[in-house]
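Raw contents of structure-v6.cif, mmCIF, C-alpha atoms:
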```cif
data_query
loop_
_atom_site.group_PDB
_atom_site.id
_atom_site.type_symbol
_atom_site.label_atom_id
_atom_site.label_comp_id
_atom_site.auth_asym_id
_atom_site.auth_seq_id
_atom_site.Cartn_x
_atom_site.Cartn_y
_atom_site.Cartn_z
ATOM 1 C CA MET A 205 -34.935 4.864 19.671
ATOM 2 C CA GLU A 206 -37.042 7.965 19.140
ATOM 3 C CA LEU A 207 -36.302 11.331 17.598
ATOM 4 C CA HIS A 208 -36.749 13.297 20.822
ATOM 5 C CA GLN A 209 -34.145 11.048 22.471
ATOM 6 C CA LEU A 210 -31.587 11.683 19.739
ATOM 7 C CA GLU A 211 -32.253 15.412 19.824
ATOM 8 C CA ALA A 212 -31.750 15.409 23.587
ATOM 9 C CA PHE A 213 -28.501 13.450 23.236
ATOM 10 C CA SER A 214 -27.161 15.865 20.606
ATOM 11 C CA ALA A 215 -28.132 18.901 22.685
ATOM 12 C CA VAL A 216 -26.427 17.558 25.827
ATOM 13 C CA ILE A 217 -23.220 16.925 23.855
ATOM 14 C CA SER A 218 -23.336 20.494 22.534
ATOM 15 C CA ALA A 219 -24.314 22.240 25.771
ATOM 16 C CA GLY A 220 -22.254 20.170 28.203
ATOM 17 C CA SER A 221 -25.082 19.938 30.717
ATOM 18 C CA ILE A 222 -28.659 18.732 31.055
ATOM 19 C CA THR A 223 -29.798 22.227 32.006
ATOM 20 C CA GLY A 224 -28.130 23.785 28.967
ATOM 21 C CA ALA A 225 -29.626 21.141 26.690
ATOM 22 C CA GLY A 226 -33.070 21.902 28.090
ATOM 23 C CA ARG A 227 -32.628 25.569 27.218
ATOM 24 C CA LEU A 228 -31.517 24.717 23.685
ATOM 25 C CA LEU A 229 -34.509 22.451 23.131
ATOM 26 C CA GLY A 230 -37.091 24.417 25.065
ATOM 27 C CA ARG A 231 -37.708 21.400 27.295
ATOM 28 C CA SER A 232 -37.637 20.867 31.032
ATOM 29 C CA GLN A 233 -34.517 19.479 32.689
ATOM 30 C CA PRO A 234 -36.380 16.362 33.927
ATOM 31 C CA GLY A 235 -37.676 15.782 30.391
ATOM 32 C CA VAL A 236 -34.167 15.839 28.936
ATOM 33 C CA THR A 237 -32.857 13.613 31.731
ATOM 34 C CA ARG A 238 -35.603 11.060 31.096
ATOM 35 C CA ALA A 239 -34.916 11.067 27.337
ATOM 36 C CA ILE A 240 -31.223 10.363 27.937
ATOM 37 C CA GLN A 241 -31.972 7.649 30.489
ATOM 38 C CA ASP A 242 -34.410 5.949 28.124
ATOM 39 C CA LEU A 243 -31.862 6.101 25.296
ATOM 40 C CA GLU A 244 -29.131 4.615 27.499
ATOM 41 C CA LEU A 245 -31.503 1.879 28.634
ATOM 42 C CA GLU A 246 -32.306 0.974 25.045
ATOM 43 C CA LEU A 247 -28.641 1.035 23.988
ATOM 44 C CA GLY A 248 -27.468 -0.935 27.003
ATOM 45 C CA TYR A 249 -24.570 1.371 27.926
ATOM 46 C CA ALA A 250 -23.943 4.760 29.522
ATOM 47 C CA LEU A 251 -23.510 7.810 27.322
ATOM 48 C CA PHE A 252 -22.451 10.278 30.019
ATOM 49 C CA ASP A 253 -20.523 10.311 33.264
ATOM 50 C CA ARG A 254 -22.485 12.395 35.768
ATOM 51 C CA LYS A 255 -20.671 14.875 38.020
ATOM 52 C CA GLY A 256 -23.278 17.051 39.695
ATOM 53 C CA PRO A 257 -24.993 19.317 37.168
ATOM 54 C CA ARG A 258 -22.306 18.668 34.576
ATOM 55 C CA VAL A 259 -21.987 15.591 32.395
ATOM 56 C CA THR A 260 -19.013 14.230 30.482
ATOM 57 C CA PRO A 261 -19.620 12.225 27.282
ATOM 58 C CA THR A 262 -18.155 8.743 27.252
ATOM 59 C CA GLN A 263 -16.007 7.529 24.370
ATOM 60 C CA ARG A 264 -19.004 5.592 23.080
ATOM 61 C CA ALA A 265 -21.048 8.795 23.138
ATOM 62 C CA PHE A 266 -18.565 10.572 20.882
ATOM 63 C CA LEU A 267 -18.639 7.664 18.435
ATOM 64 C CA LEU A 268 -22.435 7.712 18.394
ATOM 65 C CA TYR A 269 -22.614 11.498 18.087
ATOM 66 C CA ALA A 270 -21.240 11.547 14.530
ATOM 67 C CA GLU A 271 -23.959 9.129 13.387
ATOM 68 C CA VAL A 272 -26.709 10.994 15.232
ATOM 69 C CA GLU A 273 -25.673 14.367 13.824
ATOM 70 C CA ARG A 274 -25.621 12.997 10.299
ATOM 71 C CA SER A 275 -29.135 11.638 10.754
ATOM 72 C CA LEU A 276 -30.466 14.841 12.302
ATOM 73 C CA VAL A 277 -28.967 16.996 9.560
ATOM 74 C CA GLY A 278 -30.477 14.691 6.957
ATOM 75 C CA LEU A 279 -33.858 14.872 8.668
ATOM 76 C CA GLU A 280 -33.741 18.652 8.740
ATOM 77 C CA ALA A 281 -32.955 18.637 5.021
ATOM 78 C CA ILE A 282 -36.014 16.457 4.420
ATOM 79 C CA ARG A 283 -38.145 18.849 6.460
ATOM 80 C CA ALA A 284 -36.899 21.840 4.447
ATOM 81 C CA SER A 285 -37.616 20.045 1.168
ATOM 82 C CA ALA A 286 -41.051 19.003 2.383
ATOM 83 C CA ARG A 287 -41.894 22.593 3.328
ATOM 84 C CA ALA A 288 -40.717 23.843 -0.065
ATOM 85 C CA ILE A 289 -42.799 21.219 -1.893
ATOM 86 C CA GLY A 290 -45.875 22.127 0.139
ATOM 87 C CA LEU A 291 -45.464 25.792 -0.692
ATOM 88 C CA ASP A 292 -44.601 25.105 -4.358
ATOM 89 C CA GLU A 293 -41.214 26.703 -3.781
ATOM 90 C CA ALA A 294 -37.836 25.728 -5.168
ATOM 91 C CA ARG A 295 -36.213 23.038 -3.035
ATOM 92 C CA PRO A 296 -33.090 24.071 -1.117
ATOM 93 C CA LEU A 297 -29.762 23.483 -2.806
ATOM 94 C CA ARG A 298 -27.600 21.436 -0.436
ATOM 95 C CA VAL A 299 -23.831 21.544 -0.974
ATOM 96 C CA ALA A 300 -20.963 19.926 0.925
ATOM 97 C CA ALA A 301 -17.330 20.814 0.241
ATOM 98 C CA THR A 302 -13.936 20.705 1.879
ATOM 99 C CA PRO A 303 -13.124 23.940 3.767
ATOM 100 C CA ALA A 304 -10.853 25.448 1.106
ATOM 101 C CA LEU A 305 -13.301 24.752 -1.705
ATOM 102 C CA ALA A 306 -16.336 25.780 0.330
ATOM 103 C CA ALA A 307 -14.833 29.188 1.066
ATOM 104 C CA ALA A 308 -13.162 29.885 -2.277
ATOM 105 C CA LEU A 309 -15.550 28.443 -4.843
ATOM 106 C CA VAL A 310 -19.039 27.821 -3.531
ATOM 107 C CA PRO A 311 -20.178 31.404 -2.786
ATOM 108 C CA ARG A 312 -18.837 32.590 -6.134
ATOM 109 C CA ALA A 313 -20.502 29.704 -7.978
ATOM 110 C CA LEU A 314 -23.807 30.310 -6.201
ATOM 111 C CA ALA A 315 -23.735 33.958 -7.228
ATOM 112 C CA ARG A 316 -22.861 33.026 -10.812
ATOM 113 C CA SER A 317 -25.488 30.282 -11.175
ATOM 114 C CA GLY A 318 -28.422 32.119 -9.611
ATOM 115 C CA ALA A 319 -28.964 29.353 -7.057
ATOM 116 C CA PRO A 320 -32.116 29.203 -4.903
ATOM 117 C CA ALA A 321 -32.306 31.688 -2.065
ATOM 118 C CA ASP A 322 -32.377 28.786 0.388
ATOM 119 C CA THR A 323 -28.951 27.161 0.083
ATOM 120 C CA HIS A 324 -27.321 24.914 2.659
ATOM 121 C CA LEU A 325 -23.515 24.697 2.682
ATOM 122 C CA ARG A 326 -21.603 22.207 4.815
ATOM 123 C CA SER A 327 -17.835 22.397 5.191
ATOM 124 C CA ALA A 328 -16.155 19.119 6.128
ATOM 125 C CA ALA A 329 -13.241 16.795 5.441
ATOM 126 C CA ALA A 330 -13.262 15.075 2.043
ATOM 127 C CA GLU A 331 -14.328 11.741 3.502
ATOM 128 C CA GLN A 332 -17.227 13.405 5.295
ATOM 129 C CA VAL A 333 -18.290 15.215 2.129
ATOM 130 C CA VAL A 334 -18.571 11.873 0.346
ATOM 131 C CA ASP A 335 -20.445 10.428 3.312
ATOM 132 C CA ALA A 336 -22.926 13.332 3.295
ATOM 133 C CA LEU A 337 -23.640 12.767 -0.376
ATOM 134 C CA LEU A 338 -24.033 9.002 -0.071
ATOM 135 C CA SER A 339 -26.435 9.463 2.841
ATOM 136 C CA ARG A 340 -28.467 11.897 0.689
ATOM 137 C CA ALA A 341 -27.874 14.746 3.143
ATOM 138 C CA VAL A 342 -26.626 16.958 0.267
ATOM 139 C CA ASP A 343 -27.236 17.272 -3.476
ATOM 140 C CA ILE A 344 -23.697 17.985 -4.624
ATOM 141 C CA GLY A 345 -20.204 17.445 -3.256
ATOM 142 C CA ILE A 346 -16.841 19.075 -3.977
ATOM 143 C CA ALA A 347 -13.750 17.386 -2.580
ATOM 144 C CA THR A 348 -10.159 16.499 -3.307
ATOM 145 C CA LEU A 349 -9.141 13.279 -5.020
ATOM 146 C CA PRO A 350 -9.322 10.310 -4.707
ATOM 147 C CA LEU A 351 -13.073 10.003 -5.398
ATOM 148 C CA ALA A 352 -13.402 6.467 -6.732
ATOM 149 C CA HIS A 353 -16.558 5.487 -4.845
ATOM 150 C CA GLY A 354 -18.950 3.403 -6.901
ATOM 151 C CA ASP A 355 -22.113 5.219 -5.804
ATOM 152 C CA ILE A 356 -21.167 8.702 -7.001
ATOM 153 C CA ASP A 357 -21.204 10.315 -10.420
ATOM 154 C CA LEU A 358 -18.043 12.376 -10.894
ATOM 155 C CA HIS A 359 -18.813 15.273 -13.250
ATOM 156 C CA TYR A 360 -15.233 16.436 -13.834
ATOM 157 C CA VAL A 361 -11.875 17.017 -12.139
ATOM 158 C CA ILE A 362 -10.121 20.364 -11.810
ATOM 159 C CA GLU A 363 -6.328 20.491 -11.609
ATOM 160 C CA ALA A 364 -4.320 23.536 -10.543
ATOM 161 C CA PRO A 365 -0.755 23.866 -9.204
ATOM 162 C CA CYS A 366 -0.006 24.414 -5.526
ATOM 163 C CA VAL A 367 1.800 27.587 -4.530
ATOM 164 C CA ALA A 368 4.008 28.969 -1.778
ATOM 165 C CA VAL A 369 2.737 31.735 0.497
ATOM 166 C CA LEU A 370 5.265 33.891 2.348
ATOM 167 C CA HIS A 371 5.343 36.822 4.730
ATOM 168 C CA HIS A 372 5.579 39.993 2.646
ATOM 169 C CA ALA A 373 9.010 40.856 4.099
ATOM 170 C CA ASP A 374 10.527 37.418 3.467
ATOM 171 C CA THR A 375 13.653 37.643 1.308
ATOM 172 C CA LEU A 376 12.385 34.776 -0.848
ATOM 173 C CA THR A 377 9.683 37.058 -2.256
ATOM 174 C CA GLN A 378 12.374 38.594 -4.456
ATOM 175 C CA ALA A 379 12.340 35.446 -6.594
ATOM 176 C CA ALA A 380 9.835 35.061 -9.417
ATOM 177 C CA SER A 381 9.301 31.403 -8.515
ATOM 178 C CA LEU A 382 10.642 29.151 -5.802
ATOM 179 C CA SER A 383 12.364 25.782 -5.868
ATOM 180 C CA LEU A 384 11.933 23.063 -3.275
ATOM 181 C CA SER A 385 15.647 23.350 -2.473
ATOM 182 C CA GLN A 386 15.018 26.958 -1.433
ATOM 183 C CA LEU A 387 12.107 25.924 0.765
ATOM 184 C CA ALA A 388 13.556 22.747 2.317
ATOM 185 C CA PRO A 389 15.770 24.566 4.886
ATOM 186 C CA ARG A 390 12.851 26.750 5.954
ATOM 187 C CA GLY A 391 10.084 25.929 8.396
ATOM 188 C CA LEU A 392 7.012 24.967 6.393
ATOM 189 C CA ALA A 393 3.299 25.064 7.131
ATOM 190 C CA THR A 394 0.933 22.862 5.157
ATOM 191 C CA VAL A 395 -1.975 20.437 5.323
ATOM 192 C CA ALA A 396 -2.041 17.210 7.297
ATOM 193 C CA ASN A 397 -4.159 14.711 5.303
ATOM 194 C CA ARG A 398 -1.504 12.325 3.995
ATOM 195 C CA TYR A 399 -3.789 10.578 1.529
ATOM 196 C CA ARG A 400 -4.778 13.683 -0.416
ATOM 197 C CA LEU A 401 -2.912 16.951 -1.080
ATOM 198 C CA ARG A 402 -0.199 16.331 1.493
ATOM 199 C CA ARG A 403 0.727 13.136 -0.328
ATOM 200 C CA GLY A 404 1.606 15.091 -3.471
ATOM 201 C CA ILE A 405 3.680 17.586 -1.484
ATOM 202 C CA ASP A 406 5.645 14.844 0.262
ATOM 203 C CA ARG A 407 6.199 12.991 -3.023
ATOM 204 C CA ALA A 408 7.620 16.128 -4.666
ATOM 205 C CA PHE A 409 10.183 16.651 -1.896
ATOM 206 C CA GLU A 410 11.134 12.959 -1.985
ATOM 207 C CA ALA A 411 11.624 13.089 -5.759
ATOM 208 C CA ALA A 412 13.973 16.039 -5.316
ATOM 209 C CA GLY A 413 15.951 14.156 -2.688
ATOM 210 C CA LEU A 414 14.840 16.616 -0.018
ATOM 211 C CA ARG A 415 12.973 16.471 3.250
ATOM 212 C CA ALA A 416 10.347 19.039 4.124
ATOM 213 C CA HIS A 417 10.822 20.632 7.543
ATOM 214 C CA VAL A 418 7.165 20.988 8.523
ATOM 215 C CA VAL A 419 6.699 23.078 11.657
ATOM 216 C CA LEU A 420 2.922 23.364 11.403
ATOM 217 C CA GLU A 421 0.447 21.021 9.800
ATOM 218 C CA SER A 422 -3.271 21.610 9.880
ATOM 219 C CA ASN A 423 -6.542 20.279 8.502
ATOM 220 C CA ALA A 424 -7.125 23.655 6.803
ATOM 221 C CA SER A 425 -4.828 25.449 4.356
ATOM 222 C CA LEU A 426 -6.001 28.817 5.654
ATOM 223 C CA ASN A 427 -4.281 28.053 8.965
ATOM 224 C CA ALA A 428 -1.035 27.487 7.073
ATOM 225 C CA MET A 429 -1.460 30.842 5.329
ATOM 226 C CA MET A 430 -1.989 32.541 8.675
ATOM 227 C CA ALA A 431 1.272 30.976 9.842
ATOM 228 C CA ALA A 432 2.968 32.646 6.865
ATOM 229 C CA GLN A 433 1.316 35.948 7.748
ATOM 230 C CA ALA A 434 2.704 35.648 11.286
ATOM 231 C CA GLY A 435 6.191 34.941 9.954
ATOM 232 C CA LEU A 436 6.178 31.490 11.527
ATOM 233 C CA ALA A 437 6.687 29.536 8.317
ATOM 234 C CA VAL A 438 6.443 29.442 4.557
ATOM 235 C CA ALA A 439 3.131 27.870 3.567
ATOM 236 C CA ILE A 440 2.686 25.396 0.736
ATOM 237 C CA VAL A 441 -1.023 25.365 0.011
ATOM 238 C CA ASP A 442 -3.662 24.660 -2.572
ATOM 239 C CA PRO A 443 -4.411 27.479 -5.006
ATOM 240 C CA ALA A 444 -8.091 27.643 -4.012
ATOM 241 C CA THR A 445 -7.135 28.903 -0.573
ATOM 242 C CA ALA A 446 -4.330 31.133 -1.832
ATOM 243 C CA PHE A 447 -6.439 32.924 -4.443
ATOM 244 C CA GLY A 448 -9.977 32.372 -3.166
ATOM 245 C CA THR A 449 -9.441 33.526 0.424
ATOM 246 C CA PRO A 450 -6.609 36.079 0.185
ATOM 247 C CA VAL A 451 -4.853 37.142 3.373
ATOM 248 C CA ALA A 452 -3.291 40.560 3.928
ATOM 249 C CA GLY A 453 0.426 40.742 4.558
ATOM 250 C CA VAL A 454 1.462 37.729 2.488
ATOM 251 C CA VAL A 455 2.843 37.186 -1.003
ATOM 252 C CA THR A 456 2.106 34.196 -3.233
ATOM 253 C CA ARG A 457 4.757 32.670 -5.477
ATOM 254 C CA ALA A 458 4.697 29.855 -7.990
ATOM 255 C CA LEU A 459 6.778 26.734 -7.461
ATOM 256 C CA ASP A 460 9.197 25.553 -10.141
ATOM 257 C CA VAL A 461 7.967 22.000 -9.612
ATOM 258 C CA ASP A 462 4.400 20.973 -10.357
ATOM 259 C CA ILE A 463 2.546 19.837 -7.239
ATOM 260 C CA PRO A 464 -0.964 19.394 -8.606
ATOM 261 C CA PHE A 465 -4.091 20.052 -6.579
ATOM 262 C CA PHE A 466 -6.962 17.872 -7.798
ATOM 263 C CA TYR A 467 -10.608 18.176 -6.833
ATOM 264 C CA GLY A 468 -13.819 16.841 -8.264
ATOM 265 C CA VAL A 469 -17.483 17.824 -8.356
ATOM 266 C CA PHE A 470 -19.862 14.911 -7.885
ATOM 267 C CA SER A 471 -23.452 13.883 -7.191
ATOM 268 C CA ALA A 472 -25.234 10.664 -6.283
ATOM 269 C CA ALA A 473 -25.115 7.915 -8.923
ATOM 270 C CA GLY A 474 -28.347 7.155 -10.729
ATOM 271 C CA ARG A 475 -29.937 10.383 -9.580
ATOM 272 C CA PRO A 476 -30.284 12.906 -12.437
ATOM 273 C CA PRO A 477 -29.332 16.367 -11.144
ATOM 274 C CA ARG A 478 -31.991 19.061 -10.956
ATOM 275 C CA ASP A 479 -31.636 22.123 -13.169
ATOM 276 C CA ASP A 480 -30.306 24.262 -10.309
ATOM 277 C CA VAL A 481 -27.725 21.589 -9.466
ATOM 278 C CA LYS A 482 -26.619 21.433 -13.114
ATOM 279 C CA ALA A 483 -26.243 25.231 -13.213
ATOM 280 C CA PHE A 484 -24.202 25.157 -10.015
ATOM 281 C CA VAL A 485 -21.919 22.390 -11.329
ATOM 282 C CA GLU A 486 -21.245 24.413 -14.478
ATOM 283 C CA ALA A 487 -20.597 27.554 -12.438
ATOM 284 C CA VAL A 488 -18.018 25.789 -10.236
ATOM 285 C CA GLU A 489 -16.114 24.814 -13.375
ATOM 286 C CA THR A 490 -16.226 28.351 -14.757
ATOM 287 C CA ILE A 491 -15.154 29.943 -11.475
ATOM 288 C CA SER A 492 -12.340 27.421 -11.048
ATOM 289 C CA LEU A 493 -10.853 28.170 -14.446
ATOM 290 C CA GLU A 494 -11.178 31.933 -13.920
ATOM 291 C CA LEU A 495 -9.873 32.088 -10.360
ATOM 292 C CA LEU A 496 -7.009 29.596 -10.263
ATOM 293 C CA PRO A 497 -3.908 30.307 -12.397
ATOM 294 C CA GLY A 498 -3.010 27.367 -14.601
ATOM 295 C CA ALA A 499 -6.244 25.502 -13.837
ATOM 296 C CA LYS A 500 -7.338 22.702 -16.192
ATOM 297 C CA ARG A 501 -10.514 20.669 -16.499
ATOM 298 C CA HIS A 502 -10.328 16.884 -16.897
ATOM 299 C CA GLY A 503 -13.118 14.492 -17.748
ATOM 300 C CA ALA A 504 -14.242 12.114 -15.016
ATOM 301 C CA GLU A 505 -12.700 9.183 -16.892
ATOM 302 C CA ARG A 506 -9.256 10.649 -16.132
ATOM 303 C CA HIS A 507 -9.663 10.182 -12.378
ATOM 304 C CA ASP A 508 -7.517 7.061 -11.952
ATOM 305 C CA ALA A 509 -4.766 8.359 -14.226
ATOM 306 C CA LEU A 510 -4.594 11.640 -12.313
ATOM 307 C CA VAL A 511 -4.348 9.889 -8.954
ATOM 308 C CA ALA A 512 -1.643 7.619 -10.369
ATOM 309 C CA ARG A 513 0.261 10.664 -11.599
ATOM 310 C CA ARG A 514 0.218 12.168 -8.132
ATOM 311 C CA GLU A 515 1.432 8.876 -6.710
ATOM 312 C CA ALA A 516 4.405 8.929 -9.057
ATOM 313 C CA SER A 517 7.730 10.165 -7.789
ATOM 314 C CA GLY A 518 7.005 13.784 -8.700
ATOM 315 C CA SER A 519 6.626 16.027 -11.706
ATOM 316 C CA LEU A 520 9.263 18.460 -12.773
ATOM 317 C CA HIS A 521 7.291 20.770 -15.031
ATOM 318 C CA ALA A 522 8.422 24.311 -14.348
ATOM 319 C CA SER A 523 5.782 26.945 -13.661
ATOM 320 C CA GLU A 524 6.351 30.263 -15.370
ATOM 321 C CA GLY A 525 6.337 33.649 -13.741
ATOM 322 C CA ALA A 526 5.356 35.038 -10.390
ATOM 323 C CA ILE A 527 1.884 35.008 -8.954
ATOM 324 C CA ALA A 528 1.029 38.118 -7.008
#
```
Could you write out this file's structure as structure tokens?
Amino acid sequence: MELHQLEAFSAVISAGSITGAGRLLGRSQPGVTRAIQDLELELGYALFDRKGPRVTPTQRAFLLYAEVERSLVGLEAIRASARAIGLDEARPLRVAATPALAAALVPRALARSGAPADTHLRSAAAEQVVDALLSRAVDIGIATLPLAHGDIDLHYVIEAPCVAVLHHADTLTQAASLSLSQLAPRGLATVANRYRLRRGIDRAFEAAGLRAHVVLESNASLNAMMAAQAGLAVAIVDPATAFGTPVAGVVTRALDVDIPFFYGVFSAAGRPPRDDVKAFVEAVETISLELLPGAKRHGAERHDALVARREASGSLHASEGAIA
């Protein structure tokens, strides 16, 4: 298969029509049609169901799209690096992070570290962040634990306690900190990935003999905070979102049980980081410790022990004081 075929396929998925894809690519409609037909012929199966001028991707097309996009993004990164090398310019810094960490930490760390003017930031699920790094599409990744992959170098792990976010008029804001027994009867909004942060939240409620009444779960903590702003629910979220992307009309309170939020900064194994990558990694650590109340840094060798701690039945270390 050829590059122009993959570009045509990606454009048709995005535009929803052959005509729209042609406009995106600056190609003729017959040229795009021929590229798709040739690709389908080579693959041996249809990628689109045709209905007049509109096309509908098949299930196989959606499965292929993720692979094609990863390849095209990686190719564009190579092109950018090649241009920079040819002009004797600094190569772009390519970062991938989960949405909460991308919004809360990366811009601040870039400003602190004096990163190159040409920086590429991708926001994706933790598994996709790891995938982007392993495929060499990015230079550095920031994602929640676990991060036990053999082909990455974990630089360190940051731990900080989760918090509750409430509508400013909620009666629970009168308390300096909140217990799970206070939150259990309420509708809760939180994250949905059961193998990462959500696992720690569920474990804490189980350890207290309680069941969380989740009325909204999302792939992004910011959505849970917006639910609190709307008065729909009390949000239990990671501290990066709560303190890094503040929302008007809500109040943040500590929990009297420790629900740790763990994330790591990592790069490709056996690939010594460039100076700008090193500076960025150091800046993420500094920003994390400054921005997140109660944040701690752990060495990479603590990874397995930290994951095991989260898997335990729950910690009962009280947090002190309110967080405004």
>> For this structure, which residues satisfy the selection - the PyMOL selection byres ((chain A and resi 308) around 10) - when it is evaluated on the file as given? I want them as an NGL selection string.
In response: :A and (303-307 or 309-313 or 443-450 or 491-492 or 495)
> Between A:Arg514, A:Arg475, A:His208, A:His324, which one has atoms that come closest to Leu338 (chain A), using all atoms listed in the file?
Replying inline: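 Closest candidate: A:Arg475.
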> Quick one: distance from CA of Ala347 (chain A) to CA of Phe484 (chain A) in Å, one decimal?
Replying inline: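 We find that CA of Ala347 (chain A) and CA of Phe484 (chain A) lie 15.0 Å from each other.
With the shown file loaded, the PyMOL selection byres ((chain A and resi 417) around 9) picks out Leu387, Ala388, Pro389, Arg390, Gly391, Leu392, Ala393, Arg415, Ala416, Val418 and Val419 of chain A.
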Could you dump the residues just selected with C-alpha atoms as a PDB file, in the coordinates of the input?
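What landed in again-v4.pdb:
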```pdb
ATOM      1  CA  LEU A 387      12.107  25.924   0.765  1.00  0.00           C
ATOM      2  CA  ALA A 388      13.556  22.747   2.317  1.00  0.00           C
ATOM      3  CA  PRO A 389      15.770  24.566   4.886  1.00  0.00           C
ATOM      4  CA  ARG A 390      12.851  26.750   5.954  1.00  0.00           C
ATOM      5  CA  GLY A 391      10.084  25.929   8.396  1.00  0.00           C
ATOM      6  CA  LEU A 392       7.012  24.967   6.393  1.00  0.00           C
ATOM      7  CA  ALA A 393       3.299  25.064   7.131  1.00  0.00           C
ATOM      8  CA  ARG A 415      12.973  16.471   3.250  1.00  0.00           C
ATOM      9  CA  ALA A 416      10.347  19.039   4.124  1.00  0.00           C
ATOM     10  CA  VAL A 418       7.165  20.988   8.523  1.00  0.00           C
ATOM     11  CA  VAL A 419       6.699  23.078  11.657  1.00  0.00           C
TER      12      VAL A 419
END
```
> Residues at most 6 Å from Leu251 (chain A), counting all atoms listed in the file, excluding those fewer than 6 positions away in the same chain, as a VMD selection string?
Replying inline: chain A and resid 261 to 262 265
